>>> print(open('entry08.pdb').read())   # PDB, C-alpha atoms
ATOM      1  CA  MET A   1      -7.047   9.872 -11.635
ATOM      2  CA  ILE A   2      -3.526  10.367 -10.394
ATOM      3  CA  VAL A   3      -0.732   8.503 -12.212
ATOM      4  CA  ARG A   4       2.906   8.796 -11.098
ATOM      5  CA  ASP A   5       6.138   7.023 -11.949
ATOM      6  CA  VAL A   6       8.640   6.645  -9.127
ATOM      7  CA  ASP A   7      11.360   7.511 -11.637
ATOM      8  CA  ASN A   8       9.920  11.035 -11.673
ATOM      9  CA  ILE A   9       9.974  11.217  -7.853
ATOM     10  CA  ILE A  10      13.572  10.094  -7.338
ATOM     11  CA  GLY A  11      15.735  13.164  -6.860
ATOM     12  CA  THR A  12      12.807  15.485  -6.039
ATOM     13  CA  GLU A  13      11.523  16.765  -2.694
ATOM     14  CA  ARG A  14       9.211  13.733  -2.632
ATOM     15  CA  GLU A  15      12.257  11.512  -2.158
ATOM     16  CA  VAL A  16      13.453  11.771   1.442
ATOM     17  CA  HIS A  17      16.818  10.502   2.585
ATOM     18  CA  SER A  18      17.437   9.893   6.248
ATOM     19  CA  GLU A  19      19.789   7.808   8.324
ATOM     20  CA  GLY A  20      19.556   4.266   7.075
ATOM     21  CA  TRP A  21      16.677   4.672   4.657
ATOM     22  CA  VAL A  22      15.263   6.435   1.635
ATOM     23  CA  SER A  23      11.541   6.949   1.128
ATOM     24  CA  ARG A  24       9.627   7.960  -1.976
ATOM     25  CA  ARG A  25       6.311   9.580  -1.233
ATOM     26  CA  LEU A  26       3.984   8.338  -3.913
ATOM     27  CA  LEU A  27       0.771   9.731  -2.382
ATOM     28  CA  LEU A  28       0.577  12.347   0.355
ATOM     29  CA  LYS A  29      -2.224  13.895   2.384
ATOM     30  CA  SER A  30      -2.722  16.520  -0.296
ATOM     31  CA  ASP A  31      -3.768  13.758  -2.696
ATOM     32  CA  ARG A  32      -6.863  13.284  -0.516
ATOM     33  CA  MET A  33      -6.957   9.496  -0.533
ATOM     34  CA  GLY A  34      -7.327   9.279   3.257
ATOM     35  CA  PHE A  35      -3.992   7.487   3.515
ATOM     36  CA  SER A  36      -0.502   8.142   2.225
ATOM     37  CA  PHE A  37       1.493   5.652   0.194
ATOM     38  CA  HIS A  38       5.253   5.275   0.129
ATOM     39  CA  GLU A  39       8.088   3.150  -1.181
ATOM     40  CA  THR A  40      10.926   2.837   1.307
ATOM     41  CA  ILE A  41      14.304   1.196   0.785
ATOM     42  CA  ILE A  42      16.067  -0.143   3.871
ATOM     43  CA  PRO A  43      19.705  -0.914   3.126
ATOM     44  CA  ALA A  44      21.228  -4.227   4.103
ATOM     45  CA  GLY A  45      22.499  -4.072   7.662
ATOM     46  CA  ALA A  46      20.600  -0.919   8.689
ATOM     47  CA  GLU A  47      19.031  -0.651  12.159
ATOM     48  CA  LEU A  48      16.167   1.759  12.763
ATOM     49  CA  HIS A  49      14.406   2.416  16.062
ATOM     50  CA  MET A  50      10.884   3.543  15.231
ATOM     51  CA  TRP A  51       7.784   4.600  17.090
ATOM     52  CA  TYR A  52       4.929   6.124  15.122
ATOM     53  CA  LYS A  53       2.971   7.549  18.026
ATOM     54  CA  ASN A  54       0.608   9.466  15.771
ATOM     55  CA  HIS A  55       0.142   7.143  12.815
ATOM     56  CA  LEU A  56      -0.891   3.609  11.956
ATOM     57  CA  GLU A  57       1.406   2.095   9.350
ATOM     58  CA  ALA A  58       1.248  -1.002   7.178
ATOM     59  CA  VAL A  59       4.436  -2.197   5.478
ATOM     60  CA  TYR A  60       4.637  -4.854   2.777
ATOM     61  CA  CYS A  61       7.964  -6.273   1.646
ATOM     62  CA  VAL A  62       8.261  -6.981  -2.089
ATOM     63  CA  ALA A  63      12.023  -7.593  -2.291
ATOM     64  CA  GLY A  64      15.038  -8.136  -0.074
ATOM     65  CA  ASN A  65      15.007  -9.180   3.555
ATOM     66  CA  GLY A  66      15.361  -8.062   7.140
ATOM     67  CA  SER A  67      13.504  -8.309  10.425
ATOM     68  CA  ILE A  68      11.296  -6.396  12.816
ATOM     69  CA  GLU A  69      11.571  -6.568  16.580
ATOM     70  CA  ASP A  70       8.430  -5.804  18.569
ATOM     71  CA  LEU A  71       9.700  -3.919  21.592
ATOM     72  CA  ALA A  72       6.518  -4.664  23.566
ATOM     73  CA  THR A  73       7.053  -8.420  23.413
ATOM     74  CA  GLY A  74      10.670  -8.877  22.333
ATOM     75  CA  GLU A  75       9.497 -11.009  19.403
ATOM     76  CA  VAL A  76      11.523 -10.832  16.201
ATOM     77  CA  HIS A  77       9.719 -11.465  12.909
ATOM     78  CA  GLU A  78      11.635 -12.219   9.744
ATOM     79  CA  ILE A  79      10.745 -10.043   6.772
ATOM     80  CA  HIS A  80      11.071 -11.145   3.163
ATOM     81  CA  ASP A  81       9.172 -10.814  -0.106
ATOM     82  CA  GLY A  82       5.508 -11.419   0.748
ATOM     83  CA  VAL A  83       5.546 -10.446   4.436
ATOM     84  CA  ILE A  84       3.379  -7.589   5.724
ATOM     85  CA  TYR A  85       3.486  -5.997   9.134
ATOM     86  CA  ALA A  86       0.939  -3.559  10.485
ATOM     87  CA  LEU A  87       1.620  -1.288  13.436
ATOM     88  CA  ASP A  88      -1.976  -1.344  14.623
ATOM     89  CA  GLN A  89      -0.987  -0.517  18.211
ATOM     90  CA  HIS A  90       1.498   2.251  17.320
ATOM     91  CA  ASP A  91       4.010  -0.449  18.160
ATOM     92  CA  ARG A  92       7.517   0.587  19.140
ATOM     93  CA  HIS A  93       9.880  -1.470  17.040
ATOM     94  CA  ILE A  94      13.330  -1.938  15.610
ATOM     95  CA  LEU A  95      13.525  -2.498  11.867
ATOM     96  CA  ARG A  96      16.690  -4.196  10.710
ATOM     97  CA  GLY A  97      18.002  -4.570   7.201
ATOM     98  CA  GLY A  98      19.119  -8.069   6.260
ATOM     99  CA  THR A  99      21.540  -9.333   3.675
ATOM    100  CA  GLU A 100      19.909  -7.496   0.762
ATOM    101  CA  ASP A 101      18.270  -4.074   0.586
ATOM    102  CA  MET A 102      14.568  -4.311   1.474
ATOM    103  CA  ARG A 103      11.950  -2.751  -0.795
ATOM    104  CA  LEU A 104       8.958  -1.867   1.360
ATOM    105  CA  ILE A 105       5.556  -0.543   0.249
ATOM    106  CA  CYS A 106       3.925   1.452   3.052
ATOM    107  CA  ALA A 107       0.585   3.072   3.809
ATOM    108  CA  PHE A 108      -0.022   5.535   6.658
ATOM    109  CA  ASN A 109      -3.214   6.588   8.389
ATOM    110  CA  PRO A 110      -3.600   9.484   8.923
ATOM    111  CA  PRO A 111      -1.809  10.366   5.712
ATOM    112  CA  VAL A 112       1.656  11.866   5.940
ATOM    113  CA  THR A 113       1.827  15.448   4.665
ATOM    114  CA  GLY A 114       5.440  15.173   3.526
ATOM    115  CA  ARG A 115       6.629  17.845   5.950
ATOM    116  CA  GLU A 116       7.129  15.586   8.965
ATOM    117  CA  THR A 117      10.544  14.540  10.154
ATOM    118  CA  HIS A 118      11.315  11.641  12.439
ATOM    119  CA  ASP A 119      11.760  12.978  15.967
ATOM    120  CA  ALA A 120      14.089  11.545  18.591
ATOM    121  CA  ASP A 121      11.688   8.637  19.175
ATOM    122  CA  GLY A 122      11.545   7.762  15.492
ATOM    123  CA  ALA A 123       8.011   9.146  15.238
ATOM    124  CA  TYR A 124       6.448  11.479  12.763
ATOM    125  CA  GLU A 125       4.726  14.389  14.434
ATOM    126  CA  LEU A 126       1.242  15.268  13.242
ATOM    127  CA  VAL A 127       1.131  18.139  10.749
ATOM    128  CA  GLU A 128      -2.121  19.881   9.947
ATOM    129  CA  ASP A 129      -2.198  21.515   6.568
ATOM    130  CA  ASP A 130      -5.821  21.775   5.524
TER
ATOM    131  CA  MET B 131       1.494  -5.695  15.747
ATOM    132  CA  ILE B 132       0.083  -7.795  12.954
ATOM    133  CA  VAL B 133       2.537  -9.874  10.883
ATOM    134  CA  ARG B 134       1.374 -12.004   7.953
ATOM    135  CA  ASP B 135       3.063 -13.920   5.162
ATOM    136  CA  VAL B 136       1.229 -14.035   1.841
ATOM    137  CA  ASP B 137       2.233 -17.702   1.599
ATOM    138  CA  ASN B 138      -0.180 -18.323   4.484
ATOM    139  CA  ILE B 139      -2.996 -16.450   2.689
ATOM    140  CA  ILE B 140      -2.724 -18.210  -0.659
ATOM    141  CA  GLY B 141      -5.371 -20.928  -0.808
ATOM    142  CA  THR B 142      -7.440 -19.508   2.086
ATOM    143  CA  GLU B 143     -10.618 -17.409   2.052
ATOM    144  CA  ARG B 144      -8.394 -14.328   2.059
ATOM    145  CA  GLU B 145      -7.320 -15.206  -1.495
ATOM    146  CA  VAL B 146     -10.071 -14.285  -3.933
ATOM    147  CA  HIS B 147     -10.153 -15.496  -7.510
ATOM    148  CA  SER B 148     -12.317 -13.732 -10.037
ATOM    149  CA  GLU B 149     -12.421 -13.334 -13.774
ATOM    150  CA  GLY B 150      -9.017 -12.162 -14.867
ATOM    151  CA  TRP B 151      -7.440 -11.594 -11.475
ATOM    152  CA  VAL B 152      -6.500 -13.003  -8.105
ATOM    153  CA  SER B 153      -6.321 -10.855  -4.976
ATOM    154  CA  ARG B 154      -4.778 -11.590  -1.598
ATOM    155  CA  ARG B 155      -6.271  -9.607   1.225
ATOM    156  CA  LEU B 156      -3.383  -8.784   3.487
ATOM    157  CA  LEU B 157      -5.283  -6.347   5.732
ATOM    158  CA  LEU B 158      -9.053  -5.981   5.930
ATOM    159  CA  LYS B 159     -11.433  -3.645   7.719
ATOM    160  CA  SER B 160     -11.402  -5.938  10.748
ATOM    161  CA  ASP B 161      -7.703  -5.167  11.181
ATOM    162  CA  ARG B 162      -8.724  -1.584  12.053
ATOM    163  CA  MET B 163      -6.020   0.234  10.136
ATOM    164  CA  GLY B 164      -8.517   2.586   8.452
ATOM    165  CA  PHE B 165      -7.571   1.192   5.034
ATOM    166  CA  SER B 166      -7.322  -2.281   3.580
ATOM    167  CA  PHE B 167      -4.227  -3.603   1.850
ATOM    168  CA  HIS B 168      -4.108  -6.133  -0.958
ATOM    169  CA  GLU B 169      -1.825  -7.835  -3.435
ATOM    170  CA  THR B 170      -3.482  -8.399  -6.787
ATOM    171  CA  ILE B 171      -2.133 -10.318  -9.770
ATOM    172  CA  ILE B 172      -3.427  -9.321 -13.212
ATOM    173  CA  PRO B 173      -2.553 -11.947 -15.800
ATOM    174  CA  ALA B 174      -0.948 -10.964 -19.082
ATOM    175  CA  GLY B 175      -3.631 -10.091 -21.612
ATOM    176  CA  ALA B 176      -6.488  -9.651 -19.109
ATOM    177  CA  GLU B 177      -9.033  -6.849 -19.549
ATOM    178  CA  LEU B 178     -11.030  -5.610 -16.559
ATOM    179  CA  HIS B 179     -13.727  -2.926 -16.568
ATOM    180  CA  MET B 180     -13.769  -1.395 -13.115
ATOM    181  CA  TRP B 181     -15.664   1.299 -11.271
ATOM    182  CA  TYR B 182     -15.217   1.591  -7.524
ATOM    183  CA  LYS B 183     -18.167   3.835  -6.813
ATOM    184  CA  ASN B 184     -17.827   3.443  -3.061
ATOM    185  CA  HIS B 185     -14.078   3.300  -2.520
ATOM    186  CA  LEU B 186     -10.897   5.236  -3.235
ATOM    187  CA  GLU B 187      -8.112   2.938  -4.386
ATOM    188  CA  ALA B 188      -4.378   3.344  -4.851
ATOM    189  CA  VAL B 189      -2.508   0.742  -6.906
ATOM    190  CA  TYR B 190       1.268   0.417  -7.133
ATOM    191  CA  CYS B 191       2.910  -1.873  -9.671
ATOM    192  CA  VAL B 192       6.012  -3.713  -8.452
ATOM    193  CA  ALA B 193       6.404  -6.210 -11.305
ATOM    194  CA  GLY B 194       5.075  -6.939 -14.775
ATOM    195  CA  ASN B 195       3.284  -4.524 -17.058
ATOM    196  CA  GLY B 196      -0.054  -3.409 -18.435
ATOM    197  CA  SER B 197      -2.080  -0.254 -18.866
ATOM    198  CA  ILE B 198      -5.011   1.684 -17.457
ATOM    199  CA  GLU B 199      -7.550   3.544 -19.566
ATOM    200  CA  ASP B 200      -9.315   6.464 -17.910
ATOM    201  CA  LEU B 201     -12.848   6.264 -19.286
ATOM    202  CA  ALA B 202     -13.546   9.918 -18.394
ATOM    203  CA  THR B 203     -10.777  11.198 -20.673
ATOM    204  CA  GLY B 204      -9.876   8.274 -22.920
ATOM    205  CA  GLU B 205      -6.257   8.555 -21.795
ATOM    206  CA  VAL B 206      -4.242   5.358 -21.580
ATOM    207  CA  HIS B 207      -1.387   5.210 -19.066
ATOM    208  CA  GLU B 208       1.276   2.543 -19.285
ATOM    209  CA  ILE B 209       1.852   0.592 -16.068
ATOM    210  CA  HIS B 210       5.143  -1.018 -15.152
ATOM    211  CA  ASP B 211       7.286  -1.542 -12.061
ATOM    212  CA  GLY B 212       7.327   1.802 -10.229
ATOM    213  CA  VAL B 213       4.042   3.262 -11.516
ATOM    214  CA  ILE B 214       1.227   4.144  -9.106
ATOM    215  CA  TYR B 215      -2.307   5.108  -9.995
ATOM    216  CA  ALA B 216      -4.863   6.485  -7.579
ATOM    217  CA  LEU B 217      -8.589   6.499  -8.289
ATOM    218  CA  ASP B 218      -9.191   9.708  -6.364
ATOM    219  CA  GLN B 219     -12.346  10.507  -8.343
ATOM    220  CA  HIS B 220     -13.830   6.987  -8.206
ATOM    221  CA  ASP B 221     -12.618   6.899 -11.804
ATOM    222  CA  ARG B 222     -14.216   4.432 -14.178
ATOM    223  CA  HIS B 223     -11.398   2.609 -15.922
ATOM    224  CA  ILE B 224     -10.249  -0.386 -17.895
ATOM    225  CA  LEU B 225      -7.238  -2.227 -16.519
ATOM    226  CA  ARG B 226      -5.377  -4.297 -19.074
ATOM    227  CA  GLY B 227      -2.718  -6.895 -18.492
ATOM    228  CA  GLY B 228       0.378  -6.544 -20.651
ATOM    229  CA  THR B 229       2.962  -9.030 -21.802
ATOM    230  CA  GLU B 230       3.771 -10.253 -18.274
ATOM    231  CA  ASP B 231       1.560 -10.775 -15.225
ATOM    232  CA  MET B 232       1.294  -7.592 -13.190
ATOM    233  CA  ARG B 233       1.904  -7.635  -9.445
ATOM    234  CA  LEU B 234      -0.076  -4.782  -7.905
ATOM    235  CA  ILE B 235      -0.057  -3.568  -4.298
ATOM    236  CA  CYS B 236      -3.357  -1.859  -3.460
ATOM    237  CA  ALA B 237      -4.879   0.152  -0.628
ATOM    238  CA  PHE B 238      -8.601   0.933  -0.274
ATOM    239  CA  ASN B 239     -10.399   3.623   1.693
ATOM    240  CA  PRO B 240     -12.807   2.830   3.215
ATOM    241  CA  PRO B 241     -11.282  -0.545   3.974
ATOM    242  CA  VAL B 242     -12.679  -3.587   2.219
ATOM    243  CA  THR B 243     -14.343  -6.049   4.595
ATOM    244  CA  GLY B 244     -13.544  -9.073   2.456
ATOM    245  CA  ARG B 245     -17.215  -9.896   1.859
ATOM    246  CA  GLU B 246     -17.754  -7.610  -1.128
ATOM    247  CA  THR B 247     -18.059  -8.912  -4.631
ATOM    248  CA  HIS B 248     -17.644  -6.927  -7.817
ATOM    249  CA  ASP B 249     -21.094  -6.009  -9.122
ATOM    250  CA  ALA B 250     -22.050  -5.602 -12.768
ATOM    251  CA  ASP B 251     -20.255  -2.248 -12.914
ATOM    252  CA  GLY B 252     -17.042  -3.682 -11.512
ATOM    253  CA  ALA B 253     -17.647  -1.930  -8.175
ATOM    254  CA  TYR B 254     -17.476  -3.205  -4.651
ATOM    255  CA  GLU B 255     -20.618  -2.476  -2.707
ATOM    256  CA  LEU B 256     -20.220  -1.040   0.769
ATOM    257  CA  VAL B 257     -20.509  -3.624   3.532
ATOM    258  CA  GLU B 258     -21.029  -2.558   7.124
ATOM    259  CA  ASP B 259     -19.782  -5.030   9.638
ATOM    260  CA  ASP B 260     -19.107  -3.092  12.814
TER
END
>>> encode(input="entry08.pdb", output="structure tokens")
Amino acid sequence: MIVRDVDNIIGTEREVHSEGWVSRRLLLKSDRMGFSFHETIIPAGAELHMWYKNHLEAVYCVAGNGSIEDLATGEVHEIHDGVIYALDQHDRHILRGGTEDMRLICAFNPPVTGRETHDADGAYELVEDD
Amino acid sequence: MIVRDVDNIIGTEREVHSEGWVSRRLLLKSDRMGFSFHETIIPAGAELHMWYKNHLEAVYCVAGNGSIEDLATGEVHEIHDGVIYALDQHDRHILRGGTEDMRLICAFNPPVTGRETHDADGAYELVEDD
């Protein structure tokens, strides 16, 4: 059994700061769960262009608000506490912060190793580390 | 892209009530993410004996409090907002509600189909539906 407190992740290499967001990596590939699990904070007013070419991602909002624009269809979906979105088609999207910081709980398949960076398309590359 | 609001799941067949808990199935196997994704509410004072023999599960607390007892070691870990536990060894455990209802965000691998029930051991059986 793995037990972790996010308070012990904040300020370590498992907390990643990038333009417009901060992500705490609660479970990574090395934890061998078959997915990775993250808490990501999107500040109010942020705008992130994202395209996870190599990963499927599910994102559940548990606080704050914002929106996601599906670049394939142009549809904009409001995000608030209780809304999940799943990028089951590696969907290109724009994630926008709203009037309050969004607290998002995320799972990735395949699991993120923790060594990826977002490339120019907003994707994580695939990293093999086994 | 899949987008769902838990408000549209509450009261449907995707909301499962059982002894001591209620679970909203946000993403199931049929959503083809490679994991399933759930929101589970554990009432204050509940006590659940669980053993997921067939699944790995990660559980992240975003509100409320409780504890988990690892039956392999006897250790008890406090759970509160910001604590994750991962049953990477199919760990037998007792989950206890605390003084406030716990709001837990959960991912399962392999993904739950939605047709499982907890058996006498507190496990989900494996259901093949492809």
>>> resolve_selection(input="entry08.pdb", expression="the ChimeraX specification (/B :<9) & /A", output="MDAnalysis selection string")
chainID A and resid 1:7 26:27 31:35 37 56:58 60 62 70 77 79:91 105 107:110
>>> residues_around(input="entry08.pdb", residues="Val16 of chain A", least_positions_apart="3", cutoff="12 Å", atoms="all atoms listed in the file", output="ChimeraX atom specification")
/A:9-13,19-26,38-41,114-118
>>> closest_residue(input="entry08.pdb", among="B:Asp231, B:Asn184, B:His179, B:Ile172", to="Leu201 of chain B", atoms="all atoms listed in the file")
B:His179
>>> atom_distance(input="entry08.pdb", atom1="atom CA of Ile94 of chain A", atom2="atom CA of Trp51 of chain A")
8.7 Å
>>> closest_residue(input="entry08.pdb", among="A:Met50, A:Ser30, A:Gly74, A:Pro43", to="His17 of chain A", atoms="all atoms listed in the file")
A:Pro43
>>> atom_distance(input="entry08.pdb", atom1="atom CA of Val112 of chain A", atom2="atom CA of Arg14 of chain A")
11.6 Å
>>> resolve_selection(input="entry08.pdb", expression="the PyMOL selection byres ((chain A and resi 98) around 6)", output="number ranges by chain")
A: 44-45, 65-66, 97, 99-100
>>> atom_distance(input="entry08.pdb", atom1="atom CA of Arg96 of chain A", atom2="atom CA of Met232 of chain B")
28.6 Å
>>> axis_aligned_box(input="entry08.pdb", around="segment 198-203 of chain B", padding_each_side="5 Å", output="JSON")
{"center_x": -9.3, "center_y": 6.4, "center_z": -19.1, "size_x": 18.5, "size_y": 19.5, "size_z": 13.2}
